[in-house]
Each structure stands twice: as C-alpha cells, then as structure tokens.
Amino acid sequence: TGYHSYLDLSCTSTDEATLSFLIGGATNNQWKIKVTQLSCTDNNVACQEGCFQYHTGVTGTIQSYNFAGGQQLVGQNYKNCIRQESGYCCIQYNVISYAIGATTCLLGDHDGATRCSGSSICLQEMIIIPGASQSVNGNGNIGENYDKFCGVNLNALGFPAVNNPIISCDCPFELSHITGITALAGAGVAGTAATLVGFQLSYSQIAGNC
C-alpha cells in the first residue's frame, strides 16, 4: 500500500518492537512488510518523539490509514509529522478527499450554520491541526480558532460547508488522526452518518523569515 510507520525506541540494544495481527475471518490473508532499523542520527528520523508517520519535502501528500481501501479504520490515535524545511515557516493543507465524521454536526453560531469543529463537537472521529487558520495572519476578525475538525468538509472556520485550505504556522508541523475512541467530554451529538473513507490531503510549506 505504500504506507509507513515509525516506532520510537531508545538506544538500548535490548529494546524490542512487536507486530501483532488479529485476523477476523477464515479467508487466506497475506501481507508483506519491510522492517528497517534507523540510526538516531539518520535524516529520516524525526527530531521529535511520537511521529507515527514522518514526511519530508516542501510538498507532499498525507493519507489516513486504509484510505486506498475506501474505509476509515477504528481505534486510531497517531500523529503525522512533516519536517520543517530550511527557509519555510508555515504549512498549507488542501483537501483531495475528506470524510471522517458525520455529514451534519451541531448548530453553530453563524446564521444557523452547522459546525464540524472544536472539542465540544468532534468527539470520536477527528483530525487535529495545531494553529489552524485561514492565512498566515490568522482568521481575521471572525474570532474563531479551532484545531479539531470532523465531518465531510475541512475549513479553518468550522462552519462553511466547503473545503478551504488550512494554514498553520505552529512548529513543528503536525497533523493527528483520531477515530473510534471513548467520547471526550462535551455534548456533541453525531448527525447523519457519512461514508467514512478517511482523508487525503496535499501539503505545501510556505517560505518566510521565521
């Protein structure tokens, strides 16, 4: 599938990483996994801990696991990290495909529009983009600042039912994906169920003087 994952280990030679597979049916299953050990000084090793996926380059694409299979996986809680390239201070995400939650969320506070963002609404399926905004200068005079997004449209303001680019100048560049966990505190109510295919986003880093 081309997906990759990183597991943090210490420099102790006795550390181990174990892969376990739970097969739910009698169908013959096959898989092929390449396992590589990396030096702590390798350029492909993230400088921060907890990066289950690690992306490099000024531009690229991020997919949720099993996006190619057309169905979002439950029980996910991991972080994508994008290496900040030299001379680049911010990052922009654009939707290629996005459906990670209900098609309708809770009534928002902008002319009756529904909002699919924020900790009180995105309770079980969400992506988290720290410092998400409309531009490198923030969200203007709207006064809304969200970092958790669900539903079927990705928009920094949360309520418009249209995909718009999201920009973050928070470093390091990170995007987390959470699915099917115990509901967080809040009164959010799921709306109409969507076909949860996950997400595919392109990213491009924005040059500047940090």
# chains A, B, ... in the order shown; residues from 1 in each chain; ligands from 1
>>> residues_around(residues="range 88-104 of chain A", least_positions_apart="6", cutoff="9 Å", atoms="only C-alpha atoms", output="CSV table (one decimal) with N, CA, C and O atoms, in the first residue's frame")
chain,number,residue,atom,x,y,z
A,58,VAL,N,9.2,19.9,0.7
A,58,VAL,CA,8.4,21.1,0.7
A,58,VAL,C,6.9,20.8,0.4
A,58,VAL,O,6.0,21.4,0.9
A,72,GLN,N,-12.4,4.1,6.6
A,72,GLN,CA,-11.6,4.6,7.7
A,72,GLN,C,-11.5,3.5,8.8
A,72,GLN,O,-12.5,2.8,9.1
A,114,THR,N,-24.3,24.8,10.5
A,114,THR,CA,-23.8,23.7,11.3
A,114,THR,C,-22.2,23.8,11.4
A,114,THR,O,-21.6,24.2,10.4
A,115,ARG,N,-21.7,23.4,12.5
A,115,ARG,CA,-20.3,23.5,12.7
A,115,ARG,C,-19.7,22.1,13.0
A,115,ARG,O,-20.2,21.3,13.8
A,116,CYS,N,-18.6,21.7,12.3
A,116,CYS,CA,-18.0,20.5,12.4
A,116,CYS,C,-16.5,20.7,12.8
A,116,CYS,O,-15.6,20.3,12.1
A,122,CYS,N,-16.4,17.6,17.9
A,122,CYS,CA,-15.6,16.5,17.3
A,122,CYS,C,-15.2,15.6,18.5
A,122,CYS,O,-14.2,15.9,19.2
A,124,GLN,N,-15.2,11.8,18.6
A,124,GLN,CA,-14.7,10.5,18.4
A,124,GLN,C,-13.8,10.4,17.1
A,124,GLN,O,-12.8,9.7,17.1
A,125,GLU,N,-14.3,11.0,16.0
A,125,GLU,CA,-13.5,11.0,14.8
A,125,GLU,C,-13.1,12.4,14.5
A,125,GLU,O,-13.9,13.3,14.4
A,126,MET,N,-11.8,12.6,14.3
A,126,MET,CA,-11.3,14.0,14.0
A,126,MET,C,-9.9,13.9,13.5
A,126,MET,O,-9.2,12.9,13.6
A,127,ILE,N,-9.5,15.1,12.9
A,127,ILE,CA,-8.1,15.4,12.8
A,127,ILE,C,-7.8,16.6,13.6
A,127,ILE,O,-8.6,17.4,13.9
A,135,SER,N,-5.1,31.9,7.0
A,135,SER,CA,-4.0,32.5,6.4
A,135,SER,C,-2.8,32.6,7.4
A,135,SER,O,-3.0,32.2,8.6
A,136,VAL,N,-1.7,33.0,7.0
A,136,VAL,CA,-0.5,33.1,7.9
A,136,VAL,C,-0.8,34.2,8.9
A,136,VAL,O,-0.1,34.3,9.9
A,149,PHE,N,-11.1,19.0,13.8
A,149,PHE,CA,-12.0,19.0,12.7
A,149,PHE,C,-12.6,17.7,12.4
A,149,PHE,O,-11.9,16.7,12.5
A,150,CYS,N,-13.9,17.6,12.1
A,150,CYS,CA,-14.6,16.4,11.8
A,150,CYS,C,-15.5,16.6,10.6
A,150,CYS,O,-15.3,17.5,9.8
A,151,GLY,N,-16.5,15.8,10.4
A,151,GLY,CA,-17.4,16.0,9.3
A,151,GLY,C,-16.9,15.6,7.9
A,151,GLY,O,-15.9,14.8,7.8
A,152,VAL,N,-17.4,16.3,6.9
A,152,VAL,CA,-17.0,16.0,5.5
A,152,VAL,C,-16.5,17.2,4.7
A,152,VAL,O,-16.3,17.1,3.5
A,153,ASN,N,-16.3,18.3,5.5
A,153,ASN,CA,-15.6,19.4,4.9
A,153,ASN,C,-14.6,20.0,5.9
A,153,ASN,O,-14.8,20.0,7.1
A,154,LEU,N,-13.5,20.4,5.3
A,154,LEU,CA,-12.4,20.9,6.1
A,154,LEU,C,-12.2,22.4,5.9
A,154,LEU,O,-12.0,22.8,4.8
A,163,ASN,N,-14.7,23.0,1.4
A,163,ASN,CA,-13.3,22.8,1.7
A,163,ASN,C,-12.5,24.0,1.4
A,163,ASN,O,-12.6,24.6,0.2
A,164,ASN,N,-11.7,24.5,2.3
A,164,ASN,CA,-10.8,25.6,2.1
A,164,ASN,C,-9.4,25.2,2.6
A,164,ASN,O,-9.3,24.4,3.6
A,165,PRO,N,-8.4,25.7,2.0
A,165,PRO,CA,-7.0,25.5,2.5
A,165,PRO,C,-6.9,25.9,4.0
A,165,PRO,O,-7.5,26.9,4.4
A,166,ILE,N,-6.2,25.1,4.8
A,166,ILE,CA,-5.9,25.4,6.1
A,166,ILE,C,-4.4,25.6,6.3
A,166,ILE,O,-3.6,24.9,5.8
A,167,ILE,N,-4.0,26.7,6.9
A,167,ILE,CA,-2.6,27.1,7.1
A,167,ILE,C,-2.3,27.1,8.6
A,167,ILE,O,-3.1,27.5,9.4
A,168,SER,N,-1.1,26.6,8.9
A,168,SER,CA,-0.6,26.6,10.3
A,168,SER,C,0.8,27.0,10.3
A,168,SER,O,1.6,26.6,9.5
A,169,CYS,N,1.1,27.9,11.2
A,169,CYS,CA,2.5,28.4,11.4
A,169,CYS,C,3.0,27.9,12.7
A,169,CYS,O,4.1,28.4,13.2
A,170,ASP,N,2.3,26.9,13.3
A,170,ASP,CA,2.8,26.3,14.6
A,170,ASP,C,3.9,25.3,14.2
A,170,ASP,O,3.7,24.4,13.4
A,171,CYS,N,5.0,25.4,14.8
A,171,CYS,CA,6.1,24.4,14.6
A,171,CYS,C,6.4,23.6,15.8
A,171,CYS,O,6.3,24.1,16.9
A,173,PHE,N,5.5,21.0,12.4
A,173,PHE,CA,4.3,20.8,11.7
A,173,PHE,C,3.8,19.4,12.0
A,173,PHE,O,4.5,18.4,11.8
A,179,THR,N,-9.7,8.2,15.8
A,179,THR,CA,-11.0,7.5,15.4
A,179,THR,C,-11.5,6.6,16.5
A,179,THR,O,-10.6,5.9,17.1
A,190,ALA,N,-23.7,13.2,17.2
A,190,ALA,CA,-23.4,12.8,15.9
A,190,ALA,C,-24.6,13.1,15.0
A,190,ALA,O,-25.8,12.8,15.4
A,191,GLY,N,-24.4,13.5,13.8
A,191,GLY,CA,-25.5,13.7,12.8
A,191,GLY,C,-25.6,12.5,11.9
A,191,GLY,O,-25.3,11.4,12.2
A,192,THR,N,-26.0,12.8,10.7
A,192,THR,CA,-26.2,11.7,9.7
A,192,THR,C,-24.8,11.1,9.4
A,192,THR,O,-23.8,11.7,9.2
A,193,ALA,N,-24.8,9.8,9.4
A,193,ALA,CA,-23.6,9.0,9.2
A,193,ALA,C,-23.1,9.2,7.8
A,193,ALA,O,-23.9,9.2,6.8
A,194,ALA,N,-21.8,9.4,7.7
A,194,ALA,CA,-21.2,9.6,6.4
A,194,ALA,C,-20.5,8.3,6.0
A,194,ALA,O,-20.3,7.4,6.8
A,195,THR,N,-20.1,8.1,4.7
A,195,THR,CA,-19.3,7.0,4.3
A,195,THR,C,-17.9,7.5,4.7
A,195,THR,O,-17.2,8.3,4.1
A,196,LEU,N,-17.4,6.9,5.8
A,196,LEU,CA,-16.1,7.4,6.4
A,196,LEU,C,-14.9,6.7,5.6
A,196,LEU,O,-14.5,5.6,5.9
A,197,VAL,N,-14.4,7.4,4.7
A,197,VAL,CA,-13.3,6.9,3.9
A,197,VAL,C,-12.0,7.4,4.4
A,197,VAL,O,-10.9,7.0,3.9
A,198,GLY,N,-12.0,8.4,5.4
A,198,GLY,CA,-10.8,8.9,5.9
A,198,GLY,C,-10.4,10.2,5.1
A,198,GLY,O,-11.3,10.9,4.7
A,199,PHE,N,-9.1,10.4,4.9
A,199,PHE,CA,-8.7,11.7,4.3
A,199,PHE,C,-7.5,11.5,3.4
A,199,PHE,O,-6.7,10.6,3.6
A,200,GLN,N,-7.4,12.4,2.5
A,200,GLN,CA,-6.2,12.5,1.7
A,200,GLN,C,-6.0,14.0,1.5
A,200,GLN,O,-6.8,14.7,0.9
A,201,LEU,N,-4.9,14.5,2.0
A,201,LEU,CA,-4.6,15.9,2.0
A,201,LEU,C,-3.2,16.1,1.3
A,201,LEU,O,-2.3,15.4,1.5
A,202,SER,N,-3.1,17.2,0.5
A,202,SER,CA,-1.8,17.6,0.0
A,202,SER,C,-1.3,18.7,0.9
A,202,SER,O,-2.1,19.4,1.6
A,203,TYR,N,0.0,18.8,1.0
A,203,TYR,CA,0.6,19.9,1.8
A,203,TYR,C,1.7,20.6,1.1
A,203,TYR,O,2.3,20.0,0.2
A,204,SER,N,1.8,21.9,1.4
A,204,SER,CA,2.9,22.6,0.8
A,204,SER,C,3.4,23.6,1.8
A,204,SER,O,2.6,24.3,2.5
A,205,GLN,N,4.7,23.6,2.0
A,205,GLN,CA,5.3,24.6,3.0
A,205,GLN,C,5.4,26.0,2.4
A,205,GLN,O,5.6,26.1,1.2
A,206,ILE,N,5.3,27.0,3.3
A,206,ILE,CA,5.3,28.4,2.9
A,206,ILE,C,6.5,29.0,3.4
A,206,ILE,O,6.9,29.0,4.6
A,207,ALA,N,7.3,29.6,2.4
A,207,ALA,CA,8.6,30.2,2.8
A,207,ALA,C,8.3,31.5,3.6
A,207,ALA,O,7.3,32.2,3.5
A,208,GLY,N,9.3,31.8,4.4
A,208,GLY,CA,9.2,33.1,5.2
A,208,GLY,C,10.5,33.2,6.1
A,208,GLY,O,11.4,32.4,6.1
A,209,ASN,N,10.5,34.3,6.8
A,209,ASN,CA,11.5,34.5,7.8
A,209,ASN,C,11.0,34.2,9.2
A,209,ASN,O,10.3,35.0,9.8
A,210,CYS,N,11.4,33.0,9.7
A,210,CYS,CA,10.8,32.6,11.0
A,210,CYS,C,11.5,33.3,12.1
A,210,CYS,O,12.7,33.6,12.0
>>> closest_residue(among="A:Gly131, A:Cys47, A:Tyr3, A:Tyr78", to="Thr61 in chain A", atoms="only C-alpha atoms")
A:Tyr3
>>> closest_residue(among="A:Cys11, A:Ile178, A:Pro172, A:Tyr146", to="Glu85 in chain A", atoms="only C-alpha atoms")
A:Pro172
>>> closest_residue(among="A:Phe21, A:Asp147, A:Cys40, A:His177", to="Val74 in chain A", atoms="only C-alpha atoms")
A:His177
>>> atom_distance(atom1="CA of Tyr54 in chain A", atom2="CA of Thr14 in chain A")
24.4 Å
>>> closest_residue(among="A:Leu7, A:Ile82, A:Leu73, A:Leu123", to="Gly57 in chain A", atoms="only C-alpha atoms")
A:Ile82
>>> closest_residue(among="A:Asn155, A:Ser176, A:Gln71, A:Gln37", to="Tyr6 in chain A", atoms="only C-alpha atoms")
A:Gln37
>>> select_by_dssp(residues="range 26-188 of chain A", states="strand (DSSP E)", output="MDAnalysis selection string")
chainID A and resid 53:55 59:63 76:82 88:99 106:107 114:115 126:128 148:149 166:168 173:179
>>> atom_distance(atom1="CA of Gly2 in chain A", atom2="CA of Ser86 in chain A")
26.5 Å
